[in-house]
>>> print(open('protein03.txt').read())   # compact mmCIF, C-alpha atoms
# COMPACT_ATOMS: atom_id res chain seq x y z
CA MET T 296 -0.26 34.80 -7.23
CA LYS T 297 -1.67 31.66 -8.76
CA LEU T 298 -2.02 28.45 -6.81
CA GLU T 299 -2.72 25.11 -8.49
CA VAL T 300 -3.79 22.02 -6.58
CA LEU T 301 -2.81 18.96 -8.61
CA GLY T 302 -4.72 15.76 -8.03
CA THR T 303 -6.75 13.17 -9.87
CA GLY T 304 -9.69 13.28 -7.50
CA CYS T 305 -8.69 11.36 -4.40
CA ALA T 306 -9.93 12.34 -0.95
CA LYS T 307 -6.59 13.89 0.00
CA CYS T 308 -6.66 16.11 -3.09
CA LYS T 309 -10.00 17.60 -2.01
CA THR T 310 -8.70 18.23 1.49
CA LEU T 311 -5.62 19.94 0.07
CA LEU T 312 -7.84 22.26 -2.00
CA GLU T 313 -9.79 23.21 1.13
CA ASN T 314 -6.57 23.76 3.08
CA ALA T 315 -5.14 25.92 0.28
CA LYS T 316 -8.27 28.10 0.31
CA LYS T 317 -8.00 28.55 4.08
CA ALA T 318 -4.28 29.27 3.77
CA VAL T 319 -4.96 32.13 1.37
CA GLU T 320 -7.48 33.59 3.83
CA ILE T 321 -4.97 33.30 6.68
CA SER T 322 -2.19 34.95 4.68
CA GLY T 323 -4.49 37.74 3.53
CA LYS T 324 -2.80 37.75 0.11
CA ALA T 325 -4.64 37.86 -3.19
CA ALA T 326 -4.50 34.52 -4.95
CA GLU T 327 -6.28 32.63 -7.64
CA ILE T 328 -6.76 28.93 -6.78
CA VAL T 329 -7.41 26.30 -9.41
CA LYS T 330 -7.84 22.54 -9.19
CA VAL T 331 -5.94 20.68 -11.90
CA GLU T 332 -7.24 17.19 -12.59
CA ASP T 333 -6.10 16.26 -16.08
CA ILE T 334 -3.09 13.99 -16.27
CA PRO T 335 -1.13 15.84 -19.01
CA SER T 336 -1.15 19.07 -16.98
CA ILE T 337 -0.07 17.22 -13.84
CA MET T 338 2.73 15.44 -15.70
CA LYS T 339 3.95 18.75 -17.15
CA TYR T 340 5.15 19.61 -13.65
CA GLY T 341 6.91 16.25 -13.31
CA VAL T 342 4.75 15.40 -10.30
CA MET T 343 4.49 11.66 -9.72
CA SER T 344 2.57 11.52 -6.50
CA THR T 345 -0.55 13.49 -5.82
CA PRO T 346 -1.78 15.67 -4.25
CA ALA T 347 0.69 18.42 -5.05
CA LEU T 348 0.67 22.20 -4.69
CA VAL T 349 2.07 24.56 -7.33
CA LYS T 350 2.67 28.27 -6.79
CA ASP T 351 3.19 30.41 -9.90
CA GLY T 352 4.44 27.42 -11.85
CA LYS T 353 6.77 26.11 -9.14
CA VAL T 354 6.03 22.85 -7.28
CA LEU T 355 5.96 23.56 -3.54
CA PHE T 356 5.46 19.94 -2.49
CA SER T 357 4.01 16.69 -3.80
CA GLY T 358 2.70 13.41 -2.44
CA LYS T 359 1.56 14.78 0.87
CA LEU T 360 -1.09 16.78 2.59
CA ALA T 361 -0.22 20.05 4.31
CA THR T 362 -2.32 21.95 6.83
CA ALA T 363 -3.68 25.40 6.07
CA GLU T 364 -1.11 26.92 8.46
CA GLU T 365 1.79 25.11 6.79
CA ILE T 366 0.67 26.29 3.35
CA ALA T 367 0.16 29.86 4.58
CA GLY T 368 3.80 29.85 5.64
CA MET T 369 4.88 29.04 2.09
CA LEU T 370 2.89 31.79 0.35
CA MET A 682 1.94 -7.05 30.26
CA LEU A 683 -0.56 -6.27 27.52
CA LYS A 684 -2.05 -9.70 28.02
CA GLN A 685 -2.60 -9.02 31.74
CA PHE A 686 -4.19 -5.68 30.89
CA ALA A 687 -6.57 -7.29 28.37
CA ASP A 688 -7.42 -10.05 30.87
CA TYR A 689 -8.04 -7.47 33.60
CA VAL A 690 -10.38 -5.35 31.46
CA THR A 691 -12.31 -8.34 30.09
CA PHE A 692 -12.64 -10.56 33.11
CA SER A 693 -12.39 -8.22 36.10
CA LEU A 694 -13.75 -4.86 34.91
CA ILE A 695 -16.42 -6.11 32.51
CA GLY A 696 -16.84 -9.42 34.30
CA LEU A 697 -17.04 -11.86 31.39
CA LYS A 698 -16.16 -15.48 32.16
CA PRO A 699 -12.77 -16.78 31.05
CA GLY A 700 -13.36 -19.51 28.48
CA SER A 701 -16.73 -18.11 27.37
CA HIS A 702 -17.12 -17.17 23.67
CA GLY A 703 -17.75 -13.50 24.34
CA GLY A 704 -14.97 -13.29 26.92
CA GLU A 705 -12.37 -14.90 24.68
CA ALA A 706 -13.38 -12.72 21.73
CA LEU A 707 -13.19 -9.47 23.71
CA ASP A 708 -9.93 -10.43 25.43
CA PHE A 709 -8.40 -11.19 22.04
CA PHE A 710 -9.73 -7.94 20.56
CA ILE A 711 -8.31 -5.69 23.31
CA TYR A 712 -4.94 -7.43 23.35
CA ASP A 713 -4.48 -7.40 19.57
CA THR A 714 -5.69 -3.86 19.00
CA ILE A 715 -3.31 -2.37 21.56
CA LYS A 716 -0.38 -4.50 20.45
CA ILE A 717 -0.85 -3.66 16.79
CA PHE A 718 -1.28 0.08 17.29
CA LEU A 719 1.88 0.22 19.42
CA LEU A 720 3.84 -1.65 16.76
CA LEU A 721 2.34 0.35 13.90
CA THR A 722 3.05 3.76 15.41
CA THR A 723 6.70 3.03 16.20
CA ILE A 724 7.62 1.21 13.01
CA ILE A 725 5.72 3.44 10.59
CA PHE A 726 7.54 6.42 12.11
CA VAL A 727 10.95 4.80 11.64
CA VAL A 728 10.15 3.66 8.11
CA ALA A 729 8.80 7.12 7.24
CA ILE A 730 12.22 8.61 8.08
CA ILE A 731 13.79 6.18 5.60
CA ARG A 732 11.03 6.89 3.09
CA SER A 733 11.64 10.61 3.16
CA SER A 734 14.92 9.88 1.35
CA PHE A 735 13.14 8.02 -1.45
CA PRO A 736 10.53 10.24 -3.09
CA PRO A 737 9.15 8.67 -6.31
CA GLU A 738 11.20 11.16 -8.33
CA ARG A 739 14.42 9.73 -6.95
CA THR A 740 13.26 6.11 -7.36
CA LYS A 741 12.46 6.92 -10.98
CA ARG A 742 15.94 8.35 -11.51
CA ILE A 743 17.62 5.28 -10.00
CA LEU A 744 15.50 2.88 -12.07
CA SER A 745 15.95 4.70 -15.37
CA HIS A 746 19.65 3.76 -15.25
CA ASN A 747 18.93 0.06 -14.79
CA ARG A 748 17.92 -2.42 -17.43
CA GLU A 749 16.18 -5.79 -17.08
CA TYR A 750 16.94 -8.19 -14.22
CA VAL A 751 19.00 -5.80 -12.05
CA GLY A 752 16.30 -3.22 -12.71
CA ASN A 753 13.53 -5.62 -11.68
CA VAL A 754 15.29 -6.46 -8.42
CA MET A 755 15.95 -2.79 -7.67
CA ALA A 756 12.34 -1.88 -8.51
CA ALA A 757 10.93 -4.54 -6.19
CA LEU A 758 13.23 -3.40 -3.35
CA LEU A 759 12.50 0.29 -3.91
CA GLY A 760 8.80 -0.60 -3.89
CA ILE A 761 9.16 -1.31 -0.17
CA VAL A 762 10.44 2.15 0.73
CA THR A 763 8.81 4.42 -1.86
CA PRO A 764 5.50 5.79 -0.62
CA PHE A 765 2.71 4.59 -2.89
CA CYS A 766 -0.99 5.22 -3.05
CA SER A 767 -3.12 3.62 -5.73
CA CYS A 768 -4.62 7.04 -6.45
CA SER A 769 -1.22 8.20 -7.79
CA ALA A 770 -0.64 5.04 -9.82
CA VAL A 771 -1.28 6.85 -13.12
CA PRO A 772 1.16 9.78 -12.78
CA LEU A 773 3.68 7.35 -11.31
CA PHE A 774 3.36 4.94 -14.22
CA ILE A 775 3.67 7.71 -16.81
CA GLY A 776 6.61 9.27 -15.00
CA PHE A 777 8.43 5.94 -14.95
CA VAL A 778 7.98 4.87 -18.57
CA GLU A 779 8.54 8.40 -19.89
CA SER A 780 11.92 8.65 -18.19
CA GLY A 781 13.01 5.38 -19.79
CA VAL A 782 12.31 2.87 -17.02
CA PRO A 783 11.59 -0.40 -18.91
CA LEU A 784 7.96 -1.55 -18.83
CA GLY A 785 8.76 -4.81 -17.00
CA VAL A 786 10.77 -2.93 -14.37
CA THR A 787 7.86 -0.51 -13.88
CA PHE A 788 5.58 -3.48 -13.25
CA SER A 789 7.95 -4.99 -10.69
CA PHE A 790 7.55 -1.72 -8.81
CA LEU A 791 3.77 -1.63 -9.22
CA VAL A 792 3.44 -5.16 -7.81
CA SER A 793 5.86 -4.79 -4.92
CA SER A 794 4.83 -1.35 -3.71
CA PRO A 795 1.28 -2.07 -2.45
CA MET A 796 2.04 -5.66 -1.41
CA VAL A 797 5.36 -5.48 0.41
CA ASN A 798 5.54 -2.67 2.93
CA GLU A 799 6.13 -1.91 6.56
CA VAL A 800 2.47 -2.27 7.52
CA ALA A 801 2.36 -5.85 6.17
CA LEU A 802 5.64 -6.61 7.91
CA ILE A 803 4.47 -5.32 11.30
CA MET A 804 1.07 -6.96 11.16
CA LEU A 805 2.50 -10.34 10.13
CA TRP A 806 5.22 -10.10 12.75
CA GLY A 807 2.67 -9.24 15.43
CA MET A 808 0.20 -11.97 14.51
CA PHE A 809 2.26 -14.79 12.97
CA GLY A 810 5.81 -14.19 14.23
CA TRP A 811 8.92 -12.93 12.44
CA LYS A 812 9.49 -16.08 10.35
CA ILE A 813 6.23 -15.76 8.44
CA ALA A 814 6.81 -12.00 8.12
CA LEU A 815 10.20 -12.57 6.49
CA ILE A 816 8.84 -15.32 4.25
CA TYR A 817 6.06 -12.99 3.09
CA ILE A 818 8.51 -10.19 2.30
CA GLY A 819 10.87 -12.58 0.48
CA THR A 820 8.23 -14.27 -1.64
CA GLY A 821 6.40 -10.99 -2.23
CA LEU A 822 9.59 -9.54 -3.70
CA LEU A 823 10.06 -12.69 -5.76
CA VAL A 824 6.52 -12.45 -7.18
CA ALA A 825 7.19 -8.80 -8.10
CA ILE A 826 10.56 -9.56 -9.72
CA VAL A 827 9.39 -12.59 -11.70
CA SER A 828 6.10 -10.98 -12.85
CA GLY A 829 8.02 -7.90 -14.04
CA ILE A 830 10.60 -9.95 -15.94
CA VAL A 831 7.86 -12.00 -17.66
CA ILE A 832 5.92 -8.87 -18.65
CA GLY A 833 9.14 -7.30 -19.93
CA ARG A 834 9.90 -10.40 -22.03
CA LEU A 835 6.44 -10.32 -23.61
CA LYS A 836 7.30 -6.96 -25.26
CA MET A 837 3.92 -5.40 -24.62
CA GLU A 838 4.89 -1.75 -25.04
CA LYS A 839 2.26 -1.34 -27.78
CA TYR A 840 -0.46 -2.19 -25.26
CA VAL A 841 0.27 0.88 -23.22
CA GLN A 842 -2.27 3.62 -24.08
CA ASP A 843 -0.82 5.64 -26.96
CA TYR A 844 -1.08 9.04 -25.32
CA VAL A 845 1.32 7.92 -22.59
CA TRP A 846 4.24 7.88 -25.01
CA GLU A 847 3.44 11.36 -26.33
CA MET A 848 3.19 13.05 -23.00
CA GLN A 849 5.53 15.86 -22.04
CA VAL A 850 6.89 15.22 -18.58
CA GLY A 851 8.53 17.99 -16.64
CA GLN A 852 11.49 17.56 -14.34
CA GLN A 853 10.98 18.14 -10.69
CA GLU A 854 13.90 19.02 -8.49
CA ILE A 855 14.46 16.74 -5.53
CA GLU A 856 14.90 18.83 -2.45
CA GLU A 857 17.40 17.64 0.11
CA LEU A 858 15.75 17.37 3.49
CA THR A 859 17.51 18.08 6.75
CA PHE A 860 17.09 15.55 9.55
CA ARG A 861 14.64 17.93 11.21
CA ASP A 862 12.57 18.08 8.00
CA LYS A 863 12.59 14.29 7.91
CA LEU A 864 11.23 14.07 11.45
CA VAL A 865 8.47 16.52 10.59
CA TYR A 866 7.69 14.54 7.44
CA ALA A 867 7.70 11.25 9.38
CA ARG A 868 5.34 12.65 12.00
CA GLY A 869 2.90 13.81 9.34
CA TYR A 870 3.23 10.56 7.41
CA THR A 871 2.59 8.40 10.49
CA ARG A 872 -0.41 10.53 11.44
CA ASP A 873 -1.92 10.35 7.93
CA LEU A 874 -1.31 6.64 7.56
CA LEU A 875 -2.73 5.76 10.98
CA LYS A 876 -5.73 7.95 10.27
CA LYS A 877 -6.29 6.03 7.05
CA ILE A 878 -5.79 2.48 8.30
CA TRP A 879 -7.17 2.54 11.84
CA PRO A 880 -10.73 1.60 10.82
CA TYR A 881 -9.37 -1.34 8.81
CA VAL A 882 -7.33 -2.48 11.79
CA VAL A 883 -10.23 -2.24 14.22
CA ILE A 884 -12.69 -3.95 11.87
CA GLY A 885 -10.09 -6.55 10.90
CA VAL A 886 -9.17 -7.34 14.50
CA GLY A 887 -12.86 -7.29 15.45
CA LEU A 888 -13.77 -9.83 12.78
CA GLY A 889 -10.69 -11.84 13.69
CA ALA A 890 -11.72 -11.80 17.35
CA PHE A 891 -15.23 -12.90 16.43
CA ILE A 892 -13.87 -15.80 14.38
CA HIS A 893 -11.46 -16.62 17.21
CA GLY A 894 -14.22 -16.75 19.80
CA TYR A 895 -17.17 -18.17 17.91
CA VAL A 896 -16.06 -20.27 14.94
CA PRO A 897 -15.39 -23.89 15.96
CA GLN A 898 -11.81 -25.14 15.91
CA ASP A 899 -10.79 -26.85 12.64
CA PHE A 900 -13.91 -25.47 10.99
CA LEU A 901 -11.93 -24.58 7.87
CA ALA A 902 -9.52 -27.49 7.90
CA LYS A 903 -11.70 -29.59 5.63
CA TRP A 904 -12.08 -26.97 2.87
CA ALA A 905 -9.10 -24.70 3.26
CA GLY A 906 -6.57 -27.13 4.70
CA ARG A 907 -3.51 -28.20 2.76
CA ASP A 908 -5.16 -31.35 1.42
CA ASN A 909 -7.56 -29.47 -0.79
CA PRO A 910 -5.71 -28.65 -4.04
CA PHE A 911 -8.33 -26.06 -5.06
CA ALA A 912 -8.03 -23.99 -1.89
CA VAL A 913 -5.15 -21.81 -3.16
CA PRO A 914 -6.64 -20.77 -6.54
CA ILE A 915 -10.02 -20.18 -4.90
CA ALA A 916 -8.43 -18.01 -2.19
CA VAL A 917 -6.64 -15.98 -4.88
CA ALA A 918 -9.81 -15.66 -6.99
CA LEU A 919 -11.70 -14.42 -3.89
CA GLY A 920 -8.87 -12.04 -2.99
CA VAL A 921 -8.62 -10.16 -6.28
CA PRO A 922 -11.97 -8.32 -6.23
CA LEU A 923 -11.59 -7.57 -2.52
CA TYR A 924 -9.89 -4.32 -1.77
CA SER A 925 -8.18 -3.78 1.51
CA ASN A 926 -4.75 -3.12 2.85
CA ALA A 927 -2.52 -5.38 4.89
CA ALA A 928 -3.79 -3.80 8.10
CA GLY A 929 -7.31 -5.04 7.54
CA VAL A 930 -6.61 -8.46 6.04
CA ILE A 931 -3.97 -9.85 8.37
CA PRO A 932 -6.03 -10.04 11.59
CA ILE A 933 -8.72 -11.91 9.66
CA VAL A 934 -6.37 -14.38 7.99
CA SER A 935 -4.60 -14.89 11.30
CA ALA A 936 -7.86 -16.05 12.85
CA LEU A 937 -8.62 -18.21 9.80
CA THR A 938 -5.25 -19.95 10.21
CA GLN A 939 -6.18 -20.90 13.77
CA LYS A 940 -9.34 -22.47 12.39
CA GLY A 941 -7.40 -24.76 10.08
CA MET A 942 -6.72 -22.74 6.92
CA ALA A 943 -3.28 -23.72 5.58
CA ILE A 944 -0.57 -21.06 5.83
CA GLY A 945 0.29 -21.08 2.11
CA THR A 946 -3.35 -20.50 1.27
CA VAL A 947 -3.44 -17.65 3.80
CA LEU A 948 -0.35 -15.95 2.35
CA ALA A 949 -1.69 -16.31 -1.20
CA PHE A 950 -5.03 -14.78 -0.18
CA MET A 951 -3.28 -11.85 1.47
CA MET A 952 -1.07 -11.19 -1.53
CA ALA A 953 -4.07 -11.28 -3.87
CA VAL A 954 -6.00 -8.81 -1.72
CA THR A 955 -3.13 -6.31 -1.44
CA ALA A 956 -1.42 -6.60 -4.85
CA LEU A 957 -4.44 -6.93 -7.13
CA SER A 958 -7.74 -5.16 -6.79
CA LEU A 959 -10.62 -3.99 -8.95
CA PRO A 960 -10.20 -0.29 -8.09
CA GLU A 961 -6.55 -0.53 -9.08
CA ALA A 962 -7.51 -2.21 -12.36
CA ILE A 963 -9.91 0.63 -13.11
CA ILE A 964 -7.25 3.23 -12.36
CA LEU A 965 -4.63 1.42 -14.43
CA SER A 966 -7.00 1.07 -17.39
CA ASN A 967 -6.28 4.78 -17.95
CA VAL A 968 -2.75 3.90 -19.01
CA LEU A 969 -2.95 0.24 -20.03
CA LYS A 970 -4.94 -1.31 -22.86
CA ARG A 971 -7.12 -4.22 -21.85
CA ARG A 972 -4.75 -6.89 -23.11
CA LEU A 973 -1.82 -5.68 -21.01
CA LEU A 974 -4.05 -5.15 -17.98
CA LEU A 975 -5.36 -8.72 -18.18
CA THR A 976 -1.87 -10.11 -18.79
CA PHE A 977 -0.59 -8.21 -15.75
CA PHE A 978 -3.34 -9.55 -13.48
CA GLY A 979 -3.00 -13.05 -14.94
CA ILE A 980 0.75 -13.27 -14.42
CA VAL A 981 0.71 -11.87 -10.90
CA ALA A 982 -2.22 -14.11 -9.89
CA THR A 983 -0.40 -17.18 -11.27
CA ALA A 984 2.77 -16.28 -9.40
CA ILE A 985 0.77 -15.88 -6.18
CA VAL A 986 -0.97 -19.25 -6.63
CA PHE A 987 2.47 -20.82 -7.10
CA VAL A 988 3.71 -19.23 -3.85
CA GLY A 989 0.64 -20.57 -2.04
CA TYR A 990 1.27 -24.15 -3.20
CA LEU A 991 4.95 -23.89 -2.39
CA PHE A 992 4.29 -22.96 1.23
CA ASN A 993 1.54 -25.48 1.70
CA ILE A 994 4.12 -28.09 0.73
CA ILE A 995 7.12 -26.89 2.73
CA LEU A 996 5.66 -25.26 5.85
>>> encode(input="protein03.txt", output="C-alpha cells")
Amino acid sequence: MKLEVLGTGCAKCKTLLENAKKAVEISGKAAEIVKVEDIPSIMKYGVMSTPALVKDGKVLFSGKLATAEEIAGML
Amino acid sequence: MLKQFADYVTFSLIGLKPGSHGGEALDFFIYDTIKIFLLLTTIIFVVAIIRSSFPPERTKRILSHNREYVGNVMAALLGIVTPFCSCSAVPLFIGFVESGVPLGVTFSFLVSSPMVNEVALIMLWGMFGWKIALIYIGTGLLVAIVSGIVIGRLKMEKYVQDYVWEMQVGQQEIEELTFRDKLVYARGYTRDLLKKIWPYVVIGVGLGAFIHGYVPQDFLAKWAGRDNPFAVPIAVALGVPLYSNAAGVIPIVSALTQKGMAIGTVLAFMMAVTALSLPEAIILSNVLKRRLLLTFFGIVATAIVFVGYLFNIIL
C-alpha cells in the first residue's frame, strides 16, 4: 500500500504526516509513506484544500486533519 | 451573570479595588474571555455543520456555471461558508480558474473568504453589538463583489503565472455526508479552529483589557477620530502588513473605539488586517504575476478605505 500526504508545508500537513506514520504502526500493515509538496502533483488529484491523504491513488480525505486512530481505521 | 462572576473573581477573590486601573482591566479581561469563548464554541459548531455541505470542490462546481456579476455575488456569499486557510490558497486558486471560474469571480471568493466569516461575526456581535456585525458582513461582501468585478473587467488573465493554465487538474468526487458524519466533522472543525485561534483571542482580549484600563479616555479621538481625514488610509496602510485573524483584532479595535477611534476607521482597519496580508501576498505570488498581485491589493485596499469613509460619515 502506498500512502501520500499532500500539503504545501503548513503546520497541519506536518502533523498529518506524523499521524499517518503512527496509523501505519497501529494497523501493522506494510505501507510506503511519501510527502507530496509540489503543486502539480497535488492538483492531479483534484485536491483544493490541504492537507489531504491519498491511498493507492485514491483521495481518502482533504482539507482536514485526522488522528492516527482515524487514519488506521481507513487503511 | 458572567459580569457578576467576573466582578466576584476580580474584586472579592483577588481583592482589587473597583475603579482601579488593574481592577478594571482584569474584570474586563475575565468577562470578555469567557463570553467570547462561549459564543465561539457554540456558533463555530453550528456553522461547521453548514460548512460540511460546502467543501471547496462543490463551491468550485457551483461557481464554474456562473459568469460575471451573479458569479461575483455567489462567490462572495460562498466565501462565508467555504472553509478557507491561506495555506491552501494556491491549490484553491488553481482549482477554480482551471475549472472555468472567471478570474474576477475567483477574486471575489479570495477576498470574502478570509474577511467575512463566522468568527468575525461572533466577535463583532459580542463586542460591538449585532448592528455593527451585520454592517461588517454586508460591506465586507460588497468589497469582495466590487473588487472581483473590477479585476474581472481589467482582463488580467495574462498576469496569472503561465504554468497555472497548463496544469492538469483531476476531479475529486464529493462524498455525501450523513448527519452523523457532519456532527463528527463539526466537532473536529470546532476543536481545530479553537486550538488555532485561542492564543489570538487571549492576547487580543488581554491587550484590549490593558487599553481599556490604562489608556486615558479620548486618547485617540484627536488622531483617529472622524475629523481626521487621513485616519482611514493610515489605518488601512497599517493593517495590510499585519497578519492576524478576526479573533485577535476585534478585541483590540473594540478597546480603541472606546478611546475615541471612529467606527469607520475601526472597520477599515479590521478589514485590511483580515483580507490583505503579507504572508498571503507571498503565497499568492506563486500563482499571480506581480502586476496582478499589486492590482489586487490596490483595488481591495481602495474599496476598504471607501467603506471606512462611508461609515465615518453615516454612523
>>> interface_residues(input="protein03.txt", of="chain A", to="chain T", cutoff="7 Å", atoms="all atoms listed in the file", output="PyMOL selection string")
chain A and resi 737-738+768-769+772-773+776+848-853
>>> residues_around(input="protein03.txt", residues="Arg868 of chain A", least_positions_apart="6", cutoff="12 Å", atoms="all atoms listed in the file", output="list in words")
Lys359 of chain T; Thr722, Thr723, Ile724, Ile725, Phe726, Val727, Val728, Ala729, Ile730, Ser733, Arg861, Asp862, Leu874 and Leu875 of chain A
>>> closest_residue(input="protein03.txt", among="A:Ile695, A:Leu720, A:Ile818, A:Val754", to="Thr871 of chain A", atoms="only C-alpha atoms")
A:Leu720
>>> atom_distance(input="protein03.txt", atom1="atom CA of Tyr817 of chain A", atom2="atom CA of Ala927 of chain A")
11.6 Å
>>> residues_around(input="protein03.txt", residues="Lys324 of chain T", least_positions_apart="6", cutoff="12 Å", atoms="all atoms listed in the file", output="list in words")
Met296, Lys297, Leu298, Lys316, Lys317, Ala318, Ala367, Gly368, Met369 and Leu370 of chain T
>>> write_last_selection(input="protein03.txt", atoms="C-alpha atoms", output="PDB file, in the frame of the given file")
ATOM      1  CA  MET T 296      -0.260  34.800  -7.230  1.00  0.00           C
ATOM      2  CA  LYS T 297      -1.670  31.660  -8.760  1.00  0.00           C
ATOM      3  CA  LEU T 298      -2.020  28.450  -6.810  1.00  0.00           C
ATOM      4  CA  LYS T 316      -8.270  28.100   0.310  1.00  0.00           C
ATOM      5  CA  LYS T 317      -8.000  28.550   4.080  1.00  0.00           C
ATOM      6  CA  ALA T 318      -4.280  29.270   3.770  1.00  0.00           C
ATOM      7  CA  ALA T 367       0.160  29.860   4.580  1.00  0.00           C
ATOM      8  CA  GLY T 368       3.800  29.850   5.640  1.00  0.00           C
ATOM      9  CA  MET T 369       4.880  29.040   2.090  1.00  0.00           C
ATOM     10  CA  LEU T 370       2.890  31.790   0.350  1.00  0.00           C
TER      11      LEU T 370
END
>>> residues_around(input="protein03.txt", residues="Ile328 of chain T", least_positions_apart="5", cutoff="12 Å", atoms="only C-alpha atoms", output="list in words")
Met296, Lys297, Leu298, Glu299, Val300, Leu301, Leu311, Leu312, Glu313, Asn314, Ala315, Lys316, Lys317, Ala318, Val319, Glu320, Leu348, Val349, Lys350 and Asp351 of chain T
>>> residues_around(input="protein03.txt", residues="Phe788 of chain A", least_positions_apart="6", cutoff="8 Å", atoms="only C-alpha atoms", output="PyMOL selection string")
chain A and resi 825+828-829+832
>>> atom_distance(input="protein03.txt", atom1="atom CA of Thr946 of chain A", atom2="atom CA of Phe718 of chain A")
26.2 Å
>>> atom_distance(input="protein03.txt", atom1="atom CA of Pro699 of chain A", atom2="atom CA of Pro932 of chain A")
21.7 Å
